[in-house]
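Undergrad: Below you'll find the structure I mean.
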Amino acid sequence: MSDLDRHQLAPLLERLLKGDRQALNDLFTRLRPYLHAQVRKTLGGEWKDSSDIVQSSLRRINEHMDGWLLDEPSVPHLLAWINKIVHNRAIDEVRKRKNVLGADQDSFLDNLAQPVSDEDRAEREARAGGIFAALSKLPDRHRQVVEMHYFDRLRDEEISRELGGSVAAVRVLRCRALKQLRRLMESTDVNQ
């Protein structure tokens, strides 16, 4: 997450400290793409769906947010705490699937335990931060359609019921959002 994105989280954190519960919803909206990126960073490209892990992480964050606010409420501390929750939830999910499927995933778990080089981590965080920044610049409806389709893995029919409107309108919004997102990312050279 870039310094700009961290700077955008500071006002939400201040609102939370003042007791504004809507700030928590706003914080979760801003963090959702970041959480998906963290899951992918932890589990790698082999893991196709991060929605369950993100949802359970958000529940865990919500359950323990009041206690965390009493500790050391700062944006870096918040992100470190959230990263730990997401990492633990991701590993729990791998273990759960291993037990259910009986698959041999020990090597996958071993790879998760291996430290990531600082260069790889910095590159991944820069890319995730760029995506997060570009998503945050999209109009709300565009951003919601992208997040629901790609992060929450909802079908167009489900998105149209959730947001209202037709399935065709959802497809048009997603197409426009992706074009705009691509332009935003190219203009900030996120992919390089």
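So you can find residues: chains in the structure tokens are A, B, ... in the order shown, residues in each start at 1, and ligands are numbered from 1 in order.
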With only C-alpha atoms as the counted atoms, please give the residues lying no more than 12 Å from Ser136 in chain A, apart from itself and same-chain residues fewer than 2 positions off, as a ChimeraX atom specification.
TA: /A:4-5,8-9,26-27,29-34,129-134,138-144,146-147,177,180-181,184-185
Undergrad: Find the residues around Leu69 in chain A up to 10 Å (only C-alpha atoms counted), leave out those fewer than 2 positions away in its own chain, and share them as number ranges by chain.
TA: A: 13, 16-17, 64-67, 71-74, 78
Undergrad: Counting only C-alpha atoms, which residue out of A:Leu173, A:Arg183, A:Ser160, A:Leu12 sits closest to Lys137 in chain A?
TA: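 Of A:Leu173, A:Arg183, A:Ser160, A:Leu12, the one nearest Lys137 in chain A is A:Arg183, counting only C-alpha atoms.
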Undergrad: At what distance in Å, to one decimal, does CA of Met148 in chain A lie from CA of Val170 in chain A?
TA: 10.6 Å
Undergrad: Would you mind reading off the distance between CA of Glu63 in chain A and CA of Leu135 in chain A, one decimal, in Å?
TA: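 CA of Leu135 in chain A lies at a distance of 26.4 Å from CA of Glu63 in chain A.
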Undergrad: May I ask for the distance between CA of Ile85 in chain A and CA of Leu58 in chain A, given in Å to one decimal place?
TA: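 For CA of Ile85 in chain A relative to CA of Leu58 in chain A, the distance reads 9.0 Å.
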Undergrad: With only C-alpha atoms as the atoms that count, which of A:Val39, A:Ala23, A:Val75, A:Leu70 lies nearest to His7 in chain A?
TA: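 Among the listed residues, A:Val75 lies closest to His7 in chain A.
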Undergrad: List the neighbours of Val145 in chain A out to 12 Å using only C-alpha atoms; skip same-chain residues closer than 4 positions along the sequence, and give me the result as a PyMOL selection string.
TA: chain A and resi 135+138-141+149-165+167+169-178
Undergrad: With C-alpha atoms retained, write the just-selected residues as an mmCIF file, in the first residue's frame.
TA:
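What landed in part-v3.cif:
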data_model
loop_
_atom_site.group_PDB
_atom_site.id
_atom_site.type_symbol
_atom_site.label_atom_id
_atom_site.label_comp_id
_atom_site.auth_asym_id
_atom_site.auth_seq_id
_atom_site.Cartn_x
_atom_site.Cartn_y
_atom_site.Cartn_z
ATOM 1 C CA LEU A 135 -9.672 1.437 -7.937
ATOM 2 C CA LEU A 138 -13.119 5.022 -10.063
ATOM 3 C CA PRO A 139 -16.680 6.285 -9.573
ATOM 4 C CA ASP A 140 -18.442 4.336 -6.810
ATOM 5 C CA ARG A 141 -20.710 2.255 -9.078
ATOM 6 C CA HIS A 149 -17.209 -9.345 -9.998
ATOM 7 C CA TYR A 150 -13.479 -9.920 -9.526
ATOM 8 C CA PHE A 151 -12.998 -9.944 -5.751
ATOM 9 C CA ASP A 152 -16.311 -11.323 -4.504
ATOM 10 C CA ARG A 153 -16.733 -13.547 -7.593
ATOM 11 C CA LEU A 154 -20.390 -12.603 -8.066
ATOM 12 C CA ARG A 155 -22.159 -13.248 -11.369
ATOM 13 C CA ASP A 156 -23.701 -10.352 -13.260
ATOM 14 C CA GLU A 157 -27.188 -11.443 -12.207
ATOM 15 C CA GLU A 158 -26.182 -11.280 -8.532
ATOM 16 C CA ILE A 159 -24.546 -7.885 -8.973
ATOM 17 C CA SER A 160 -27.638 -6.491 -10.705
ATOM 18 C CA ARG A 161 -29.833 -7.670 -7.821
ATOM 19 C CA GLU A 162 -27.425 -6.200 -5.282
ATOM 20 C CA LEU A 163 -26.963 -2.821 -6.967
ATOM 21 C CA GLY A 164 -30.233 -2.571 -8.856
ATOM 22 C CA GLY A 165 -30.512 -2.298 -12.604
ATOM 23 C CA VAL A 167 -27.727 -7.413 -16.134
ATOM 24 C CA ALA A 169 -26.212 -2.387 -17.379
ATOM 25 C CA VAL A 170 -23.850 -4.268 -15.066
ATOM 26 C CA ARG A 171 -21.871 -5.569 -18.060
ATOM 27 C CA VAL A 172 -21.622 -2.088 -19.569
ATOM 28 C CA LEU A 173 -20.512 -0.621 -16.217
ATOM 29 C CA ARG A 174 -17.849 -3.326 -15.802
ATOM 30 C CA CYS A 175 -16.555 -2.785 -19.330
ATOM 31 C CA ARG A 176 -16.317 0.975 -18.808
ATOM 32 C CA ALA A 177 -14.745 0.512 -15.393
ATOM 33 C CA LEU A 178 -12.068 -1.833 -16.743
#
